[in-house]
Amino acid sequence: MNYEFDEILDTIKMTEIEHFDIRTVTLGISLRDCVDRNLEVSKQKVYDKIIKYGKNHVKFAKEVEDRYGISIANKRISITPISIPFDSFNRYEFIEMAKTLDKAAEDVGVDYLAGFSALVQKGFTKGERELIEAIPFALAETKRICSSINVGSTKAGINMDAVLKVAELIKKTAELTKDQDSIGCAKFVVFTNVPEDNPFVAGAFHGVTEPEVVLNVGISGPGVVLDAIKSVGGADLQTLSEVIKKTIFKITRAGELIGREVAAKHGIPFGIVDISLAPTPAEGDSIGDILKAMGVEDVGAHGTTAALAMLNDAVKKAGLMASSSVGGLSGAFIPVSEDQGMIDAVKRGNLSIEKLEAMTSVCSVGLDMIAVPGDTPASTLAGIIADEAAIGLINDKTTAVRVIPAYGKKVGDVVDYGGLLGLAPVMAVREISSANFVNRGGKIPAPTRSLTN
Amino acid sequence: MKISEEELRKITLTAINELGDKASPELVRNIVSSAVDKLGAETELPKTENSVIVDRAILTSFGLNRPGVIARISNLLADAGCDLRDVSQKIMDDFYTLIMIVDLASSKYQLKELSERLEKVASEMNVKIFLQHENLFRQMHRI
């Protein structure tokens with residue numbers, strides 16, 4: 001036999017018992033050729049293009065699922081940051097475009113379409129200012145649209161005016177969607193050093209450096225990694241690191257195979273594998289549990305940051321070996337509401353925003369799916385965003401904030417979205433003010449390390 | 001088969017002419033796009049990195065060891081025209097694990113349909129049967 005008995009059973013175990021699945025296949029579509037003087041024609045061009053490339057997306061994914069017996073949990077679409085081709089729009093036109101995008105997503109059968117976005121790290125264009133005003137309404141009036149704004153980069157610095165505007169945008173979105181636990185905020189991310197090929201919503205978009213259309217795959221597998229860690233018992237950290245690497249290698253290979261086949265069916269280029277360990281609320285699918293298996297009593301104990309750093313690094317190393325096309329975020333995600341282990345740690349009082357902020361300096365996302373009291377002032381939100389942006393700025397990594405100031409709720413309450421977005425207990429923020437600092441506006445300049453020429 | 005813009009325009013004009021009074025934008029659009037879909041090429045088997053078309057699947061089965069389980073699976077595969085390239089099994093007390101490498105090249109059925117037929121056997125005999133294309137295992141377990 002070409003394969004060892006155990007290798008085959010290993011694969012079966014991953015898919016059947018350890019919840020290994022492909023987290024998403026995301027079809028990236030360029031909308032750069034959809035501009036027209038007439039709004040209705042623009043909308044029609046955008047709709048037609050998404051249908052043209054996307055109409056078989058769900059079907060092709062299903063065919064590949066059947067061939068390999070591995071489930072692809074989500075099929076999604078990402079588009080060119082909408083502010084770029086449509087910079088001449090006013091806010092009302094952006095809102096109309098959001099509704100067209102929502103309809104296209106519905107007709108193609110995907111649950112999210114991401115890219116209602118802008119990159120403003122060096123300043124705003126007219127269209128970008130209008131987009132920022134439109135986003136709260138667009139998120140409130142659509143179901144499937146996800147949005148993001150990039151406010152900083154190591155090369156450009158941090159646009160603090162944008163940070164302030166985004167903080168107000170988040171508050172407005174929370175208010176407009178207050179009847180659904182401020183769900184609009186769960187579909188909006190503010191970034192620093194955003195990657196242009198990330199397949200995971202809500203922060204996905206199809207960057208302007210990407211080709212006409214591309215297929216990116218996001219894999220995951222916390223359950224698989226958890227079992228691997230449990231199997232080594234009390235071994236030393238190097239042994240643990242090796243076990244994690246070997247597991248991630250297999251997962252990455254599987255993910256790339258599936259991604260390439262879906263792309264081949266579409267007849268389009270394959271883009272990248274994003275090898276992020278992304279949790280879901282399902283049992284056994286938690287990064288929090290992985291950290292506890294590594295030895296901390298609960299997420300938030302001293303040592304959590306070190307454990308996460310090792311985990312994140314092992315994931316990246318294995319991914320690099322397994323595939324030549326690694327991209328996106330590629331690391332460990334720590335979204336609070338989407339991870340039962342994290343939710344429990346917050347409820348027990350062991351995990352605070354400050355600890356989460358420290359953890360974001362060594363893993364790939366940021367302060368993700370965190371609910372804070374509804375009366376948190378915009379200036380405090382701006383302070384939280386600025387802190388995350390600074391971590392990304394100085395360390396030349398991506399950081400992000402997806403925070404939900406849950407309208408009408410306070411510490412002790414929860415926001416519950418059901419499904420993949422999960423449940424988040426409202427976390428406390430510092431009540432002392434950041435206003436005088438953030439209200440200065442202007443830019444935090446690019447750091448020394450940006451001068452790489 | 002690729003259809004050029006010019007050909008598409010001609011097809012659309014022909015459809016409009018044929019429909020005459022009944023032609024509406026929506027009706028024409030539906031007819032032309034379903035015709036284009038029907039004319040579309042069949043999806044080809046994806047080639048491996050070595051440009052060799054490999055069409056083998058790995059069948060894994062396990063459960064309580066009862067007489068006839070392995071016979072039923074083998075018969076189903078034989079009836080379908082599949083070639084068995086390798087068979088390996090372990091029986092431990094009451095449980096069996098069976099792994100087969102199955103060549104689908106001359107199979108009557110596609111992998112998906114074969115899988116559904118095996119699923120029927122699995123539920124009747126209360127065992128598990130998985131059928132997955134070989135590429136997955138090759139990618140995961142070989143550098």
# chains A, B, ... in the order shown; residues from 1 in each chain; ligands from 1

$ residues_around --residues "region 114-128 of chain B" --least-positions-apart "4" --cutoff "6 Å" --atoms "only C-alpha atoms" --output "PDB file with C-alpha atoms, in the first residue's frame"
ATOM      1  CA  SER B  61     -14.638   1.234   6.551  1.00  0.00           C
ATOM      2  CA  PHE B  62     -14.945   0.264  10.193  1.00  0.00           C
ATOM      3  CA  GLY B  63     -17.460  -1.071  12.653  1.00  0.00           C
ATOM      4  CA  TYR B 109     -20.374   5.446 -11.549  1.00  0.00           C
TER       5      TYR B 109
END

$ residues_around --residues "Thr305 (chain A)" --least-positions-apart "3" --cutoff "12 Å" --atoms "only C-alpha atoms" --output "PyMOL selection string"
chain A and resi 288+291-292+294+296+298-302+308-312+332+334+351+354-363

$ closest_atom_pairs --of "chain A" --to "chain B" --cutoff "6 Å" --atoms "only C-alpha atoms" --output "tab-separated table"
residue	atom	partner	partner_atom	distance
A:Arg67	CA	B:His133	CA	5.9
A:Tyr68	CA	B:Gln132	CA	4.7
A:Gly69	CA	B:Gln132	CA	5.8
A:Lys250	CA	B:Met140	CA	4.5
A:Arg253	CA	B:Met140	CA	5.3
A:Ala254	CA	B:Met140	CA	5.9

$ write_last_selection --atoms "C-alpha atoms" --output "compact mmCIF listing (two decimals), in the first residue's frame"
# COMPACT_ATOMS: atom_id res chain seq x y z
CA ARG A 67 -15.06 14.27 -3.94
CA TYR A 68 -12.98 14.54 -0.81
CA GLY A 69 -15.48 14.07 1.97
CA LYS A 250 -1.48 18.34 6.94
CA ARG A 253 -2.05 20.68 2.35
CA ALA A 254 -5.67 19.58 2.49

$ select_by_dssp --residues "region 281-357 of chain A" --states "helix (DSSP H, G or I)" --output "JSON, numbers by chain"
{"A": [287, 288, 289, 290, 291, 292, 293, 294, 304, 305, 306, 307, 308, 309, 310, 311, 312, 313, 314, 315, 316, 317, 318, 319, 320, 321, 322, 340, 341, 342, 343, 344, 345, 346, 347, 353, 354, 355, 356, 357]}

$ write_last_selection --atoms "C-alpha atoms" --output "PDB file, in the first residue's frame"
ATOM      1  CA  ILE A 287      -8.588  28.376  20.612  1.00  0.00           C
ATOM      2  CA  GLY A 288      -9.263  29.030  24.283  1.00  0.00           C
ATOM      3  CA  ASP A 289      -9.294  25.286  24.878  1.00  0.00           C
ATOM      4  CA  ILE A 290      -6.019  24.924  22.993  1.00  0.00           C
ATOM      5  CA  LEU A 291      -4.392  27.489  25.269  1.00  0.00           C
ATOM      6  CA  LYS A 292      -5.714  25.624  28.302  1.00  0.00           C
ATOM      7  CA  ALA A 293      -4.437  22.314  26.908  1.00  0.00           C
ATOM      8  CA  MET A 294      -1.039  23.981  26.567  1.00  0.00           C
ATOM      9  CA  THR A 304      -1.306  33.076  27.945  1.00  0.00           C
ATOM     10  CA  THR A 305       0.476  35.533  25.674  1.00  0.00           C
ATOM     11  CA  ALA A 306       3.589  33.334  25.536  1.00  0.00           C
ATOM     12  CA  ALA A 307       1.523  30.235  24.755  1.00  0.00           C
ATOM     13  CA  LEU A 308      -0.330  32.052  22.001  1.00  0.00           C
ATOM     14  CA  ALA A 309       2.948  33.364  20.568  1.00  0.00           C
ATOM     15  CA  MET A 310       4.292  29.833  20.289  1.00  0.00           C
ATOM     16  CA  LEU A 311       1.062  28.548  18.765  1.00  0.00           C
ATOM     17  CA  ASN A 312       0.900  31.344  16.221  1.00  0.00           C
ATOM     18  CA  ASP A 313       4.520  30.861  15.221  1.00  0.00           C
ATOM     19  CA  ALA A 314       4.123  27.085  14.816  1.00  0.00           C
ATOM     20  CA  VAL A 315       1.100  27.656  12.593  1.00  0.00           C
ATOM     21  CA  LYS A 316       3.007  30.020  10.335  1.00  0.00           C
ATOM     22  CA  LYS A 317       6.086  27.807  10.019  1.00  0.00           C
ATOM     23  CA  ALA A 318       4.081  24.730   9.091  1.00  0.00           C
ATOM     24  CA  GLY A 319       1.987  26.645   6.633  1.00  0.00           C
ATOM     25  CA  LEU A 320       5.055  27.988   4.873  1.00  0.00           C
ATOM     26  CA  MET A 321       6.461  24.491   4.470  1.00  0.00           C
ATOM     27  CA  ALA A 322       3.178  23.060   3.225  1.00  0.00           C
ATOM     28  CA  GLN A 340     -16.609  28.988  23.803  1.00  0.00           C
ATOM     29  CA  GLY A 341     -13.336  28.827  25.750  1.00  0.00           C
ATOM     30  CA  MET A 342     -12.905  32.607  25.497  1.00  0.00           C
ATOM     31  CA  ILE A 343     -16.538  33.300  26.350  1.00  0.00           C
ATOM     32  CA  ASP A 344     -16.219  31.203  29.501  1.00  0.00           C
ATOM     33  CA  ALA A 345     -12.958  32.921  30.504  1.00  0.00           C
ATOM     34  CA  VAL A 346     -14.623  36.330  30.203  1.00  0.00           C
ATOM     35  CA  LYS A 347     -17.662  35.197  32.197  1.00  0.00           C
ATOM     36  CA  ILE A 353      -9.606  43.696  27.356  1.00  0.00           C
ATOM     37  CA  GLU A 354      -6.092  44.564  28.498  1.00  0.00           C
ATOM     38  CA  LYS A 355      -5.013  40.902  28.325  1.00  0.00           C
ATOM     39  CA  LEU A 356      -6.657  40.506  24.933  1.00  0.00           C
ATOM     40  CA  GLU A 357      -4.770  43.563  23.736  1.00  0.00           C
TER      41      GLU A 357
END

$ residues_around --residues "Thr26 (chain A)" --least-positions-apart "2" --cutoff "8 Å" --atoms "only C-alpha atoms" --output "number ranges by chain"
A: 24, 28, 75-78, 199-200, 215-218

$ closest_residue --among "B:Asp37, B:Asp83, B:Glu26, B:Asp21" --to "Asp103 (chain B)" --atoms "only C-alpha atoms"
B:Asp83

$ atom_distance --atom1 "CA of Tyr92 (chain A)" --atom2 "CA of Phe116 (chain A)"
13.9 Å

$ atom_distance --atom1 "CA of Ala446 (chain A)" --atom2 "CA of Ala156 (chain A)"
5.1 Å

$ atom_distance --atom1 "CA of Leu420 (chain A)" --atom2 "CA of Ile258 (chain A)"
21.8 Å

$ decode --residues "region 90-122 of chain B" --atoms "N, CA and C atoms" --output "mmCIF file, in the first residue's frame"
data_model
loop_
_atom_site.group_PDB
_atom_site.id
_atom_site.type_symbol
_atom_site.label_atom_id
_atom_site.label_comp_id
_atom_site.auth_asym_id
_atom_site.auth_seq_id
_atom_site.Cartn_x
_atom_site.Cartn_y
_atom_site.Cartn_z
ATOM 1 N N LYS B 90 -7.617 -4.861 9.405
ATOM 2 C CA LYS B 90 -7.231 -5.329 10.741
ATOM 3 C C LYS B 90 -8.515 -5.710 11.459
ATOM 4 N N ILE B 91 -8.465 -6.876 12.112
ATOM 5 C CA ILE B 91 -9.620 -7.234 12.932
ATOM 6 C C ILE B 91 -9.126 -7.376 14.359
ATOM 7 N N MET B 92 -9.774 -6.622 15.237
ATOM 8 C CA MET B 92 -9.393 -6.688 16.654
ATOM 9 C C MET B 92 -10.634 -7.012 17.442
ATOM 10 N N ASP B 93 -10.658 -8.137 18.038
ATOM 11 C CA ASP B 93 -11.841 -8.602 18.780
ATOM 12 C C ASP B 93 -13.087 -8.455 17.924
ATOM 13 N N ASP B 94 -13.991 -7.564 18.366
ATOM 14 C CA ASP B 94 -15.260 -7.466 17.651
ATOM 15 C C ASP B 94 -15.251 -6.460 16.517
ATOM 16 N N PHE B 95 -14.151 -5.678 16.404
ATOM 17 C CA PHE B 95 -14.165 -4.589 15.418
ATOM 18 C C PHE B 95 -13.239 -4.860 14.244
ATOM 19 N N TYR B 96 -13.631 -4.354 13.097
ATOM 20 C CA TYR B 96 -12.760 -4.463 11.930
ATOM 21 C C TYR B 96 -12.468 -3.060 11.399
ATOM 22 N N THR B 97 -11.320 -2.918 10.768
ATOM 23 C CA THR B 97 -11.052 -1.701 9.986
ATOM 24 C C THR B 97 -10.563 -2.160 8.626
ATOM 25 N N LEU B 98 -11.133 -1.615 7.591
ATOM 26 C CA LEU B 98 -10.822 -2.048 6.227
ATOM 27 C C LEU B 98 -10.417 -0.836 5.410
ATOM 28 N N ILE B 99 -9.306 -0.937 4.704
ATOM 29 C CA ILE B 99 -8.906 0.163 3.811
ATOM 30 C C ILE B 99 -8.619 -0.409 2.438
ATOM 31 N N MET B 100 -9.232 0.175 1.424
ATOM 32 C CA MET B 100 -9.003 -0.273 0.052
ATOM 33 C C MET B 100 -8.591 0.894 -0.819
ATOM 34 N N ILE B 101 -7.674 0.622 -1.750
ATOM 35 C CA ILE B 101 -7.411 1.626 -2.779
ATOM 36 C C ILE B 101 -8.158 1.165 -4.019
ATOM 37 N N VAL B 102 -9.074 1.998 -4.477
ATOM 38 C CA VAL B 102 -10.002 1.624 -5.538
ATOM 39 C C VAL B 102 -9.698 2.438 -6.784
ATOM 40 N N ASP B 103 -9.525 1.753 -7.910
ATOM 41 C CA ASP B 103 -9.271 2.467 -9.165
ATOM 42 C C ASP B 103 -10.611 2.779 -9.833
ATOM 43 N N LEU B 104 -10.871 4.063 -10.064
ATOM 44 C CA LEU B 104 -12.181 4.456 -10.594
ATOM 45 C C LEU B 104 -12.185 4.579 -12.112
ATOM 46 N N ALA B 105 -11.031 4.301 -12.725
ATOM 47 C CA ALA B 105 -10.904 4.571 -14.165
ATOM 48 C C ALA B 105 -11.995 3.895 -14.990
ATOM 49 N N SER B 106 -12.295 2.631 -14.629
ATOM 50 C CA SER B 106 -13.328 1.957 -15.424
ATOM 51 C C SER B 106 -14.630 1.787 -14.637
ATOM 52 N N SER B 107 -14.827 2.667 -13.680
ATOM 53 C CA SER B 107 -16.032 2.560 -12.855
ATOM 54 C C SER B 107 -17.261 3.028 -13.625
ATOM 55 N N LYS B 108 -18.367 2.319 -13.404
ATOM 56 C CA LYS B 108 -19.623 2.718 -14.054
ATOM 57 C C LYS B 108 -20.133 4.037 -13.497
ATOM 58 N N TYR B 109 -19.805 4.288 -12.224
ATOM 59 C CA TYR B 109 -20.374 5.446 -11.549
ATOM 60 C C TYR B 109 -19.293 6.445 -11.177
ATOM 61 N N GLN B 110 -19.714 7.725 -11.073
ATOM 62 C CA GLN B 110 -18.816 8.749 -10.549
ATOM 63 C C GLN B 110 -18.620 8.514 -9.058
ATOM 64 N N LEU B 111 -17.582 9.166 -8.527
ATOM 65 C CA LEU B 111 -17.260 8.973 -7.112
ATOM 66 C C LEU B 111 -18.454 9.263 -6.223
ATOM 67 N N LYS B 112 -19.169 10.353 -6.541
ATOM 68 C CA LYS B 112 -20.281 10.748 -5.682
ATOM 69 C C LYS B 112 -21.359 9.677 -5.634
ATOM 70 N N GLU B 113 -21.706 9.118 -6.802
ATOM 71 C CA GLU B 113 -22.765 8.121 -6.804
ATOM 72 C C GLU B 113 -22.331 6.833 -6.131
ATOM 73 N N LEU B 114 -21.068 6.489 -6.357
ATOM 74 C CA LEU B 114 -20.501 5.305 -5.708
ATOM 75 C C LEU B 114 -20.597 5.462 -4.197
ATOM 76 N N SER B 115 -20.256 6.674 -3.751
ATOM 77 C CA SER B 115 -20.303 6.983 -2.328
ATOM 78 C C SER B 115 -21.708 6.825 -1.769
ATOM 79 N N GLU B 116 -22.707 7.266 -2.536
ATOM 80 C CA GLU B 116 -24.100 7.150 -2.067
ATOM 81 C C GLU B 116 -24.516 5.690 -1.982
ATOM 82 N N ARG B 117 -24.093 4.880 -2.969
ATOM 83 C CA ARG B 117 -24.437 3.454 -2.922
ATOM 84 C C ARG B 117 -23.794 2.781 -1.715
ATOM 85 N N LEU B 118 -22.548 3.152 -1.443
ATOM 86 C CA LEU B 118 -21.857 2.585 -0.281
ATOM 87 C C LEU B 118 -22.544 3.022 1.009
ATOM 88 N N GLU B 119 -23.051 4.254 1.008
ATOM 89 C CA GLU B 119 -23.738 4.770 2.195
ATOM 90 C C GLU B 119 -24.946 3.900 2.540
ATOM 91 N N LYS B 120 -25.656 3.421 1.490
ATOM 92 C CA LYS B 120 -26.817 2.543 1.740
ATOM 93 C C LYS B 120 -26.370 1.275 2.446
ATOM 94 N N VAL B 121 -25.303 0.686 1.937
ATOM 95 C CA VAL B 121 -24.766 -0.536 2.566
ATOM 96 C C VAL B 121 -24.367 -0.243 4.009
ATOM 97 N N ALA B 122 -23.721 0.901 4.202
ATOM 98 C CA ALA B 122 -23.245 1.277 5.545
ATOM 99 C C ALA B 122 -24.395 1.356 6.528
#
